Amino acid sequence: MEWTPNRLYFGADYNPEQWPRESWSSDIRQMQDLGVNMVTLGVFSWALLEPREGMYEFGWLDEIVELLHDGGIRIDMATATASTPAWLTEAYPSVAAINREGVRLAHGGRQHYSPSSQVYREKSLQLVEQMASRYAKHPALEMWHVNNELGCHTPHCHGDEAAERFRQWLKKRYASVEQLNARWHTKFWSQNYGSFEEVNPPRLTAAGTFSNPGHFQDFMHFSSDQLLELFVGERDTIRQIDDTHPITTNFMSMRHISAMDYWKWAREVDFISTDHYAEADNPDAHVELAFEADLTRGFAGGKPWLLMEHSPAAVNWQPRNAPKDSDEILRHAMSHIARGSNGVMFFQFKQSQGGSERFHTAMVPHIGEDSRVYRSMKELGSRVAELDALSSRATAPAEVAMVLDYHSWWALQQPNLPSVDLDYPNTLHSWYATAHDLGISVDFIDPDSPLERWRKYKAVLLPMLHIVDEARFTTIDAYVEGGGHILTSFFSGVADSSLAVHLGGYGGSLLSTTCGVRVEEFVPLREGESLELSNGWSASLWSEKAEPLTAEVIARYSTSGVSSSSAAVSKNTRGSGEAWYVGTQLDRDSQLVLMEQFVAPLSIERDGNSLLELVRRGDQRVVINHARESADCNGVEVPGGAVTWR
Amino acid sequence: MEWTPNRLYFGADYNPEQWPRESWSSDIRQMQDLGVNMVTLGVFSWALLEPREGMYEFGWLDEIVELLHDGGIRIDMATATASTPAWLTEAYPSVAAINREGVRLAHGGRQHYSPSSQVYREKSLQLVEQMASRYAKHPALEMWHVNNELGCHTPHCHGDEAAERFRQWLKKRYASVEQLNARWHTKFWSQNYGSFEEVNPPRLTAAGTFSNPGHFQDFMHFSSDQLLELFVGERDTIRQIDDTHPITTNFMSMRHISAMDYWKWAREVDFISTDHYAEADNPDAHVELAFEADLTRGFAGGKPWLLMEHSPAAVNWQPRNAPKDSDEILRHAMSHIARGSNGVMFFQFKQSQGGSERFHTAMVPHIGEDSRVYRSMKELGSRVAELDALSSRATAPAEVAMVLDYHSWWALQQPNLPSVDLDYPNTLHSWYATAHDLGISVDFIDPDSPLERWRKYKAVLLPMLHIVDEARFTTIDAYVEGGGHILTSFFSGVADSSLAVHLGGYGGSLLSTTCGVRVEEFVPLREGESLELSNGWSASLWSEKAEPLTAEVIARYSTSGVSSSSAAVSKNTRGSGEAWYVGTQLDRDSQLVLMEQFVAPLSIERDGNSLLELVRRGDQRVVINHARESADCNGVEVPGGAVTWR
Amino acid sequence: MEWTPNRLYFGADYNPEQWPRESWSSDIRQMQDLGVNMVTLGVFSWALLEPREGMYEFGWLDEIVELLHDGGIRIDMATATASTPAWLTEAYPSVAAINREGVRLAHGGRQHYSPSSQVYREKSLQLVEQMASRYAKHPALEMWHVNNELGCHTPHCHGDEAAERFRQWLKKRYASVEQLNARWHTKFWSQNYGSFEEVNPPRLTAAGTFSNPGHFQDFMHFSSDQLLELFVGERDTIRQIDDTHPITTNFMSMRHISAMDYWKWAREVDFISTDHYAEADNPDAHVELAFEADLTRGFAGGKPWLLMEHSPAAVNWQPRNAPKDSDEILRHAMSHIARGSNGVMFFQFKQSQGGSERFHTAMVPHIGEDSRVYRSMKELGSRVAELDALSSRATAPAEVAMVLDYHSWWALQQPNLPSVDLDYPNTLHSWYATAHDLGISVDFIDPDSPLERWRKYKAVLLPMLHIVDEARFTTIDAYVEGGGHILTSFFSGVADSSLAVHLGGYGGSLLSTTCGVRVEEFVPLREGESLELSNGWSASLWSEKAEPLTAEVIARYSTSGVSSSSAAVSKNTRGSGEAWYVGTQLDRDSQLVLMEQFVAPLSIERDGNSLLELVRRGDQRVVINHARESADCNGVEVPGGAVTWR
């Protein structure tokens, strides 16, 4: 279903059940005062909507829906399945997930249900059917919000019901148990399975050992698919009843969230929505935000998406939860909008008085209207309203893309790699920050994108792309042959999708054929060890014994030991393209120089720097000055901390 | 029952069952030599007193009781219920507690029983009845010692039997499950309960989530009450048989012990006894000791109490267990006596040859009589004997009080607060140390003390008093109105007893009305971050967006960001009193200056400093010089490391 | 059975089941090319040899055995019992071990079976019988390799079946439960057992408590014995069928392996074989290697042994797995051979393409023959072949011995010792490094060796020998009386074998009688604290209150506190020998000086230094230069990094 909103959304999760009914009308007056035009209802309402099994009580929800409608507030209706009522896990203990150590999770937090529970699936779909039937035709309904942050807390269940579903999933994936054995290389460590029935989720193994890598990898994949099944089940239930409203579920584009393969998920939603919470302790939080917003833009394929949650000021779950200052609130919101978000939604409208998130800030803080946060929200509301013309407007595509691969991410979460310092998300963030510092806009793409998608970019960055199977290689190599430029790094191209290593030189064909480098051995560095390259660059974490096959060497290691004098950085001309390879982790300055050299021949449009962001959406150009001092941007002065649209 | 001892006690836990009978008489000769006048018997004797279910063997205990009696040693008789025999948990597995992850604890350590076990309660009371019947009339009996360190290792049980008792407790606390839901704010996260039967102890929740705060808080409260029920059960059993001897149980006044609300417990014992173990790694161990002894004095309401255990030299359970030097042994003992202890008892008389505490020192160390420790004990024994006139003598009340609140302590042990650096016990210890450095004596009071108790003090310190409900506020405000001075800090007054936040400004009425400050937002600092205040003070950990309502600002934050220029320290005149508020954690020097300013108008008696302690008890004044160098104390020279009574 | 190999072995674990049959002949060609003369077969083959219960498939193994035989490669045949097939734990869940928290381990790693499982024992012996019957007469068979790395991952099982066997073991050890109670000192903490039936493995105890020390110690001993029973069971099964081939099992002589008392095990194998993996992060890895090789030489009693596994270049399970450089590969191999290894075997022949150890290097790396590692292996193969004359040749005995005691090691793994910094293996390694730096060769001996064994040495080092019972004392004292010199350290001689403390002065008779020192109190130092001794030496971790009885004081503590001015280092002349005692942990330089003084009167042969090793085997003398620079060795120049045999 096409999503064509005609305005930018501004609002928040609204949980009126937390408050007495008498306060609801004043809540709505505050929404109007702030410029809120949509709220998300029902996220955590199951226990109130179905207080006893099969007994539904929609009265209170009907009432608030009418009040909102009367107040001109649109509704993003959640299906209320995100957290289960106490009676459900009491009556059906199997609903609760079981962790790797065999402990069944308890009621009292949230999202403790097993994604594989049949009872959960049935009961949740009954609720969804009730919700859809009741509100599909309501004029205040703007969109459906399936579940909430699927997989946030319990993406994996190791119990017997999950085991049975895992076996079904494996049977679909592998023609036979022999094929499973071959792909997982189970002949080692006597792990060979005689039948699918012997396979379980990867549970606690002996101390100092760890589950088979293919087993682990497939379980991660299966778990992502199980959660996606929950979405699809709810979506299809709604769609049978309502074929007019778009259906989404809020992704979580954040550095610590990796359990869901959102590239696959993106194909199932009517539009992408996501939650993003800035890192309060990170002095470059705005760069992290830009990364995640660009990634979300990637999921959306350049089309508008919706920031479904972010924090008005501070969250409550990071170690030290400093609030954003008022300029920062605006800059963060605008950074999302500039990157394609069709508005900005917060969690939540009114700060909880009690419960686990009472110290998570809201549009209306504990102290009420006479507050910095409320005033900031109001200012933001009016700024967002001014940008309504952006609605449904696509963002400008970048000239450079970066590949983010959930499967490689999973692979790098396993133990027993050459070094514990291998860190997939931090590597990507570091490369992104380098591009950002240089004012280079970056799109994110699915590693399994077809060649024509790659060809939209002058250059593609492939940091630590561990898994490169035959199909990926074919695409990448054709891209380079046809004139594309790539920059890839150590530990890329090493394995197939079951984590079997490509023999004959690390990195397989990606390195030997495309990059023209022969990597013989990995030489991880000691903790804190740094090394110099022959051209003066500094590096850490990793080195290699490697030699060029056809590549030109840019820098060699000047250390002693196995990697001594080996090729560290190289460039290979292939067809009409170029493939650069960096076999170590450069420090920030060296990485900037490398990136400069890499993009030098490509006439990439560059604008801004680490503190001055320039982003284009539609015909608008947003300038965000993250510095305290005013900055000159193409002759126009942008005050410190400010945002301008032009 | 009134406790009117006529001498100071000097002795230890004595576990004769560890040693062959042949050595018992020489043990008693050593007691006499050391000046021991009382020992605690039977603490860990259940397995020997009831070697099989219902089969009692008191012969060996009778024998040692007679020997002690003949030797003139009084007996503090423990009820022997502190650790269960192997047969009990073998025959009744439900006796053993179950942890949050669902693991049942095993025999082989100590105190693994569930405080909620019905079988434990029945079996332990049968033993108590036997003990009481047998020894109530014995002339050597001095007092009853119920159980031992109740709650030291297993204050919480998460099993089904505990769950049932928890539900009963909740039913008494809340008129209905609706009221429970309202107080716990369960409407958030779909946690609402349909009936009490759905409520369990807070068990393992999904990763990254956590139990409902009200649920957690009530479970802590319930658990403290469960343990107190154990005490009351034993006490009442004894009292039915023996109405002449006082009954106590040894509290544990230490920084790492928080599970028991000792203010509530204090009302149930005939007199307060406590265990205190100094922190070997802490260079200011004597200040920590003073804090805990003053706290115990608070539990005792100024009346004498008894230090039931402390270590002769070193313990075995801290990371690095350095022994106290000989002067320190004396200073520590005298510091307790000066603060109201009616003697000093040690753990234990004779160092175990085997078992888990073999490296815990004793009055008679492994090497025997010819030893520093033995000689120190003997010297101490004679010093204690000289002070017999102090017996039953009250301590001098202080002019300043500090509030310690177990409920706020529990609240601050929850996750998802604004900052992980919030530390309740360390904050109190830091404030106490400031007063101590200034030579200001401090009493501790129950936060729920009636107004007349508050009025005994010129000033009351309320550091981080998170929970302030209506009743507490009324008392505090009336105290200030009537001329009292208070000093309170950030994160005080924030919540009610179920941890619901007071709306309309953090700190509720305590801050807005009493302190005249409006706190809008919390602004926790980064790890290691420090800031300057406008008056030159230094601070860390916390700042706030705050403005005075009626208060006078003493210092403002000079940082950038949300708390920039906000009121950091302020003073409010209210009625004839003053309410000071400090919204950050001052460094040691700044805190000293603040405290000086706070007490300046109050003519508080001050004497001593961080290394020179002066404490009054009855008509005696003890001077303790913790420095190596001699010090002048009002014209009298006190040698380095020495203690004098005058 | 006497082991008299007539050549040095060179080879590896070979797991052909990981590879297609088509590649087997080229594997064998590579073996021939590299000089491989023996491979270990079958280590992880159970799942393929017995794909269903009782259904054996030896065809593939027969085939590779023939191919190897045809290729002239000898076979070390593993019994394939090291890792269980999936069907076994599915059909018999009791086979999987249960950890201390009660969690049953899962299939999917390796070695998760319980050493106490009756089903495991039966099924594994059935397989062993099949293997032995099939291959005993095969002309390619060189030796039997029982199981593999017994106890590597799951040395302990806490389940009910283990409990029952533990009770049987205890009944053999103790005449009665009363004796067990006495030895364990269970009268403390009410731990007394009424019958053996009440005793379980040490399972999870209450937080902050810990199991009884005697209980823990016996469980460690029992667990070592259980694993040894597995070896003996397999060995006897083979021996009934094959009385001509030697039978071994590969020990793991490494700093982190302590669960097996290899002194006891050494008496059961036909010859000693061991696995050793160098510490990639350790700049003194070669010293650690020398320690472990000398220790293995000790197990072998000076007779040849076999390095059954080491890594060709890098492992995959340390935090950062840097490969050895080419010289290092050679040096490490030669260091083992010089110390008595009858060849060098690797794990494994051909690097796994998939599975958990895919990043563990092999003789044939992922990249194949054209590689540094392959070439290094080939060079090493030819160097090893040149040394065939060494075969069966004994090593030269040292003049100095060091005692390594597994029971003391276990004791020091317990909690609640005087200091958490007590570290048994690191202490031994530090002392060994001191001797190594001084060019002093060191033998290792069993602490329970008879006196005649001790008398072979001019001096014996006894660092931190915590457990010294009457028999040990008698031997040590007689050794000294008869002219032996010993050097022992703090925390030695403290306890008997059940961890009961010797009364009357720490260290018991070892310290008072042999060393002439009276240790009254332990005075552990704070973290990071260091102290000076009166003679200028520096020390850390530990000090004591101690005085000489008959000893001469070498150095005293110059600190304040309890250990102030106490004897820190002393020397006692006893009979015609000397007993030195060091009551603290000296820094590296001070320890060198101490060791110099200790050996000064003994005319110990010394050669080499920390980077230049000289070792003798048979009539050969190997010089290993671990430095990068060339070194002069008795007038002959040894190039940097090189090894020479003379």
# chains A, B, ... in the order shown; residues from 1 in each chain; ligands from 1
>>> select_by_dssp(residues="range 276-478 of chain C", states="helix (DSSP H, G or I)", output="ChimeraX atom specification")
/C:285-299,326-338,372-386,388-390,406-411,424-437,451-454,470-478
>>> write_last_selection(atoms="C-alpha atoms", output="short mmCIF file (atom, residue, chain, number, x, y, z; two decimals), in the first residue's frame")
data_model
loop_
_atom_site.label_atom_id
_atom_site.label_comp_id
_atom_site.auth_asym_id
_atom_site.auth_seq_id
_atom_site.Cartn_x
_atom_site.Cartn_y
_atom_site.Cartn_z
CA ALA C 285 55.44 -16.80 26.12
CA HIS C 286 58.62 -18.81 25.69
CA VAL C 287 59.21 -18.85 29.44
CA GLU C 288 55.68 -19.99 30.07
CA LEU C 289 56.26 -22.71 27.48
CA ALA C 290 59.51 -23.76 29.14
CA PHE C 291 57.66 -24.02 32.47
CA GLU C 292 55.00 -26.26 31.04
CA ALA C 293 57.44 -28.41 29.09
CA ASP C 294 59.55 -28.86 32.20
CA LEU C 295 56.43 -29.69 34.16
CA THR C 296 55.49 -32.32 31.59
CA ARG C 297 59.03 -33.67 31.80
CA GLY C 298 58.33 -33.95 35.50
CA PHE C 299 55.17 -35.97 34.92
CA SER C 326 58.33 -18.38 11.61
CA ASP C 327 61.32 -18.41 13.89
CA GLU C 328 59.03 -18.70 16.86
CA ILE C 329 57.35 -21.75 15.40
CA LEU C 330 60.73 -23.42 15.24
CA ARG C 331 61.88 -22.20 18.63
CA HIS C 332 58.70 -23.36 20.35
CA ALA C 333 58.92 -26.80 18.79
CA MET C 334 62.58 -27.16 19.66
CA SER C 335 62.03 -25.97 23.19
CA HIS C 336 59.58 -28.85 23.67
CA ILE C 337 61.90 -31.39 22.05
CA ALA C 338 64.86 -30.21 24.07
CA ARG C 372 54.35 -19.00 5.26
CA VAL C 373 52.85 -21.50 7.65
CA TYR C 374 53.10 -24.43 5.26
CA ARG C 375 56.70 -23.56 4.46
CA SER C 376 57.50 -23.20 8.16
CA MET C 377 55.98 -26.61 8.79
CA LYS C 378 58.08 -28.13 6.03
CA GLU C 379 61.24 -26.60 7.39
CA LEU C 380 60.33 -27.77 10.85
CA GLY C 381 59.62 -31.27 9.53
CA SER C 382 63.09 -31.57 8.14
CA ARG C 383 64.66 -30.15 11.31
CA VAL C 384 62.75 -32.65 13.40
CA ALA C 385 63.79 -35.50 11.14
CA GLU C 386 67.42 -34.57 11.68
CA ASP C 388 65.68 -38.74 15.17
CA ALA C 389 68.67 -39.88 17.13
CA LEU C 390 67.18 -38.20 20.16
CA TYR C 406 47.31 -29.59 42.42
CA HIS C 407 45.71 -29.86 45.84
CA SER C 408 47.23 -26.54 46.93
CA TRP C 409 46.11 -25.09 43.62
CA TRP C 410 42.53 -26.16 44.32
CA ALA C 411 42.72 -24.79 47.85
CA TYR C 424 49.06 -20.07 42.82
CA PRO C 425 49.93 -20.55 39.15
CA ASN C 426 51.23 -17.01 38.70
CA THR C 427 53.42 -17.37 41.76
CA LEU C 428 54.98 -20.53 40.42
CA HIS C 429 55.45 -19.00 37.00
CA SER C 430 57.10 -15.98 38.53
CA TRP C 431 59.58 -18.10 40.51
CA TYR C 432 60.27 -20.26 37.50
CA ALA C 433 60.92 -17.15 35.42
CA THR C 434 63.45 -16.01 37.97
CA ALA C 435 65.32 -19.30 37.75
CA HIS C 436 65.03 -19.18 33.97
CA ASP C 437 66.46 -15.66 33.85
CA LEU C 451 62.65 -38.68 49.97
CA GLU C 452 65.04 -40.33 47.53
CA ARG C 453 63.53 -38.29 44.75
CA TRP C 454 64.03 -35.03 46.64
CA GLU C 470 52.59 -34.82 58.30
CA ALA C 471 54.02 -37.00 55.55
CA ARG C 472 55.03 -34.09 53.41
CA PHE C 473 56.62 -32.35 56.34
CA THR C 474 58.60 -35.43 57.30
CA THR C 475 60.02 -35.73 53.81
CA ILE C 476 60.85 -32.06 53.43
CA ASP C 477 62.43 -31.79 56.81
CA ALA C 478 64.49 -34.93 56.29
#
>>> interface_residues(of="chain B", to="chain C", cutoff="7 Å", atoms="only C-alpha atoms", output="JSON, numbers by chain")
{"B": [17, 18, 44, 45, 46, 47, 51, 83, 84, 85, 86, 87, 90, 103, 105, 106, 107, 108, 109, 110, 111, 112, 153, 154, 281, 316, 317, 319, 320, 321, 322, 323, 325, 353, 354, 355, 356, 359, 366, 367, 368, 371]}
>>> residues_around(residues="His626 in chain B", least_positions_apart="5", cutoff="7 Å", atoms="only C-alpha atoms", output="PyMOL selection string")
chain B and resi 611-612+640-641
>>> atom_distance(atom1="CA of Phe222 in chain B", atom2="CA of Trp169 in chain B")
6.9 Å
>>> atom_distance(atom1="CA of Thr79 in chain C", atom2="CA of Leu125 in chain C")
9.2 Å
>>> select_by_dssp(residues="range 251-434 of chain C", states="strand (DSSP E or B)", output="PDB file with N, CA, C and O atoms, in the first residue's frame")
ATOM      1  N   PHE C 251      47.361 -34.867  28.229  1.00  0.00           N
ATOM      2  CA  PHE C 251      47.208 -33.903  29.315  1.00  0.00           C
ATOM      3  C   PHE C 251      47.133 -32.499  28.709  1.00  0.00           C
ATOM      4  O   PHE C 251      47.337 -32.311  27.500  1.00  0.00           O
ATOM      5  N   MET C 252      46.855 -31.535  29.548  1.00  0.00           N
ATOM      6  CA  MET C 252      46.876 -30.136  29.099  1.00  0.00           C
ATOM      7  C   MET C 252      47.731 -29.359  30.088  1.00  0.00           C
ATOM      8  O   MET C 252      47.240 -28.877  31.105  1.00  0.00           O
ATOM      9  N   SER C 273      51.648 -37.750  27.319  1.00  0.00           N
ATOM     10  CA  SER C 273      51.540 -36.831  26.189  1.00  0.00           C
ATOM     11  C   SER C 273      50.790 -35.613  26.690  1.00  0.00           C
ATOM     12  O   SER C 273      50.054 -35.677  27.680  1.00  0.00           O
ATOM     13  N   THR C 274      51.005 -34.504  26.032  1.00  0.00           N
ATOM     14  CA  THR C 274      50.373 -33.279  26.525  1.00  0.00           C
ATOM     15  C   THR C 274      50.079 -32.322  25.391  1.00  0.00           C
ATOM     16  O   THR C 274      50.650 -32.426  24.297  1.00  0.00           O
ATOM     17  N   ASP C 275      49.179 -31.401  25.681  1.00  0.00           N
ATOM     18  CA  ASP C 275      48.863 -30.315  24.745  1.00  0.00           C
ATOM     19  C   ASP C 275      49.345 -29.025  25.362  1.00  0.00           C
ATOM     20  O   ASP C 275      49.163 -28.794  26.561  1.00  0.00           O
ATOM     21  N   TRP C 305      58.452 -37.886  26.464  1.00  0.00           N
ATOM     22  CA  TRP C 305      57.002 -37.710  26.427  1.00  0.00           C
ATOM     23  C   TRP C 305      56.680 -37.194  25.041  1.00  0.00           C
ATOM     24  O   TRP C 305      57.567 -37.101  24.194  1.00  0.00           O
ATOM     25  N   LEU C 306      55.430 -36.848  24.828  1.00  0.00           N
ATOM     26  CA  LEU C 306      55.083 -36.395  23.473  1.00  0.00           C
ATOM     27  C   LEU C 306      54.178 -35.167  23.520  1.00  0.00           C
ATOM     28  O   LEU C 306      53.129 -35.187  24.168  1.00  0.00           O
ATOM     29  N   LEU C 307      54.619 -34.128  22.851  1.00  0.00           N
ATOM     30  CA  LEU C 307      53.771 -32.949  22.675  1.00  0.00           C
ATOM     31  C   LEU C 307      52.697 -33.311  21.647  1.00  0.00           C
ATOM     32  O   LEU C 307      52.961 -33.359  20.455  1.00  0.00           O
ATOM     33  N   MET C 308      51.506 -33.581  22.123  1.00  0.00           N
ATOM     34  CA  MET C 308      50.472 -34.124  21.251  1.00  0.00           C
ATOM     35  C   MET C 308      49.754 -33.047  20.451  1.00  0.00           C
ATOM     36  O   MET C 308      49.235 -33.309  19.376  1.00  0.00           O
ATOM     37  N   GLU C 309      49.670 -31.853  21.010  1.00  0.00           N
ATOM     38  CA  GLU C 309      49.058 -30.733  20.285  1.00  0.00           C
ATOM     39  C   GLU C 309      49.808 -29.463  20.633  1.00  0.00           C
ATOM     40  O   GLU C 309      50.128 -29.224  21.795  1.00  0.00           O
ATOM     41  N   ARG C 320      43.045 -12.218  21.870  1.00  0.00           N
ATOM     42  CA  ARG C 320      43.600 -11.689  20.614  1.00  0.00           C
ATOM     43  C   ARG C 320      44.642 -12.681  20.128  1.00  0.00           C
ATOM     44  O   ARG C 320      45.680 -12.844  20.762  1.00  0.00           O
ATOM     45  N   SER C 341      60.291 -33.883  24.660  1.00  0.00           N
ATOM     46  CA  SER C 341      59.212 -34.345  23.806  1.00  0.00           C
ATOM     47  C   SER C 341      59.796 -35.159  22.662  1.00  0.00           C
ATOM     48  O   SER C 341      60.761 -34.749  22.012  1.00  0.00           O
ATOM     49  N   ASN C 342      59.172 -36.299  22.396  1.00  0.00           N
ATOM     50  CA  ASN C 342      59.648 -37.173  21.335  1.00  0.00           C
ATOM     51  C   ASN C 342      59.005 -36.787  20.010  1.00  0.00           C
ATOM     52  O   ASN C 342      58.360 -37.608  19.353  1.00  0.00           O
ATOM     53  N   GLY C 343      59.201 -35.524  19.664  1.00  0.00           N
ATOM     54  CA  GLY C 343      58.597 -35.004  18.447  1.00  0.00           C
ATOM     55  C   GLY C 343      57.645 -33.882  18.774  1.00  0.00           C
ATOM     56  O   GLY C 343      57.529 -33.456  19.936  1.00  0.00           O
ATOM     57  N   VAL C 344      56.989 -33.394  17.742  1.00  0.00           N
ATOM     58  CA  VAL C 344      56.002 -32.331  17.939  1.00  0.00           C
ATOM     59  C   VAL C 344      54.802 -32.577  17.040  1.00  0.00           C
ATOM     60  O   VAL C 344      54.935 -32.775  15.827  1.00  0.00           O
ATOM     61  N   MET C 345      53.665 -32.575  17.667  1.00  0.00           N
ATOM     62  CA  MET C 345      52.408 -32.763  16.947  1.00  0.00           C
ATOM     63  C   MET C 345      51.601 -31.472  17.050  1.00  0.00           C
ATOM     64  O   MET C 345      51.699 -30.748  18.039  1.00  0.00           O
ATOM     65  N   PHE C 346      50.807 -31.239  16.045  1.00  0.00           N
ATOM     66  CA  PHE C 346      50.014 -30.015  16.007  1.00  0.00           C
ATOM     67  C   PHE C 346      48.527 -30.310  16.073  1.00  0.00           C
ATOM     68  O   PHE C 346      48.073 -31.394  15.744  1.00  0.00           O
ATOM     69  N   LYS C 350      44.884 -29.805   8.882  1.00  0.00           N
ATOM     70  CA  LYS C 350      44.293 -28.989   7.807  1.00  0.00           C
ATOM     71  C   LYS C 350      43.219 -28.121   8.432  1.00  0.00           C
ATOM     72  O   LYS C 350      42.309 -28.616   9.097  1.00  0.00           O
ATOM     73  N   VAL C 364      48.316 -27.073   7.353  1.00  0.00           N
ATOM     74  CA  VAL C 364      47.898 -26.606   6.030  1.00  0.00           C
ATOM     75  C   VAL C 364      46.817 -25.550   6.249  1.00  0.00           C
ATOM     76  O   VAL C 364      45.697 -25.874   6.627  1.00  0.00           O
ATOM     77  N   THR C 395      66.093 -36.661  29.077  1.00  0.00           N
ATOM     78  CA  THR C 395      66.635 -35.322  29.236  1.00  0.00           C
ATOM     79  C   THR C 395      67.602 -35.298  30.402  1.00  0.00           C
ATOM     80  O   THR C 395      67.586 -36.195  31.256  1.00  0.00           O
ATOM     81  N   VAL C 400      67.991 -28.342  40.381  1.00  0.00           N
ATOM     82  CA  VAL C 400      66.997 -27.654  41.211  1.00  0.00           C
ATOM     83  C   VAL C 400      65.616 -28.153  40.816  1.00  0.00           C
ATOM     84  O   VAL C 400      65.341 -28.343  39.627  1.00  0.00           O
ATOM     85  N   ALA C 401      64.772 -28.374  41.802  1.00  0.00           N
ATOM     86  CA  ALA C 401      63.397 -28.799  41.505  1.00  0.00           C
ATOM     87  C   ALA C 401      62.406 -27.798  42.068  1.00  0.00           C
ATOM     88  O   ALA C 401      62.714 -27.054  42.998  1.00  0.00           O
ATOM     89  N   MET C 402      61.239 -27.787  41.457  1.00  0.00           N
ATOM     90  CA  MET C 402      60.133 -26.982  41.991  1.00  0.00           C
ATOM     91  C   MET C 402      58.958 -27.925  42.232  1.00  0.00           C
ATOM     92  O   MET C 402      58.705 -28.834  41.438  1.00  0.00           O
ATOM     93  N   VAL C 403      58.249 -27.687  43.309  1.00  0.00           N
ATOM     94  CA  VAL C 403      57.081 -28.502  43.628  1.00  0.00           C
ATOM     95  C   VAL C 403      55.827 -27.818  43.101  1.00  0.00           C
ATOM     96  O   VAL C 403      55.599 -26.637  43.378  1.00  0.00           O
ATOM     97  N   SER C 419      43.535 -12.904  51.169  1.00  0.00           N
ATOM     98  CA  SER C 419      43.604 -11.899  50.111  1.00  0.00           C
ATOM     99  C   SER C 419      43.181 -12.502  48.784  1.00  0.00           C
ATOM    100  O   SER C 419      43.567 -13.630  48.461  1.00  0.00           O
TER     101      SER C 419
END
>>> atom_distance(atom1="CA of Ser489 in chain A", atom2="CA of Ala546 in chain A")
12.7 Å
>>> residues_around(residues="Thr244 in chain B", least_positions_apart="4", cutoff="12 Å", atoms="only C-alpha atoms", output="NGL selection string")
:B and (1-4 or 132 or 136-139 or 141-144 or 238-240 or 270)
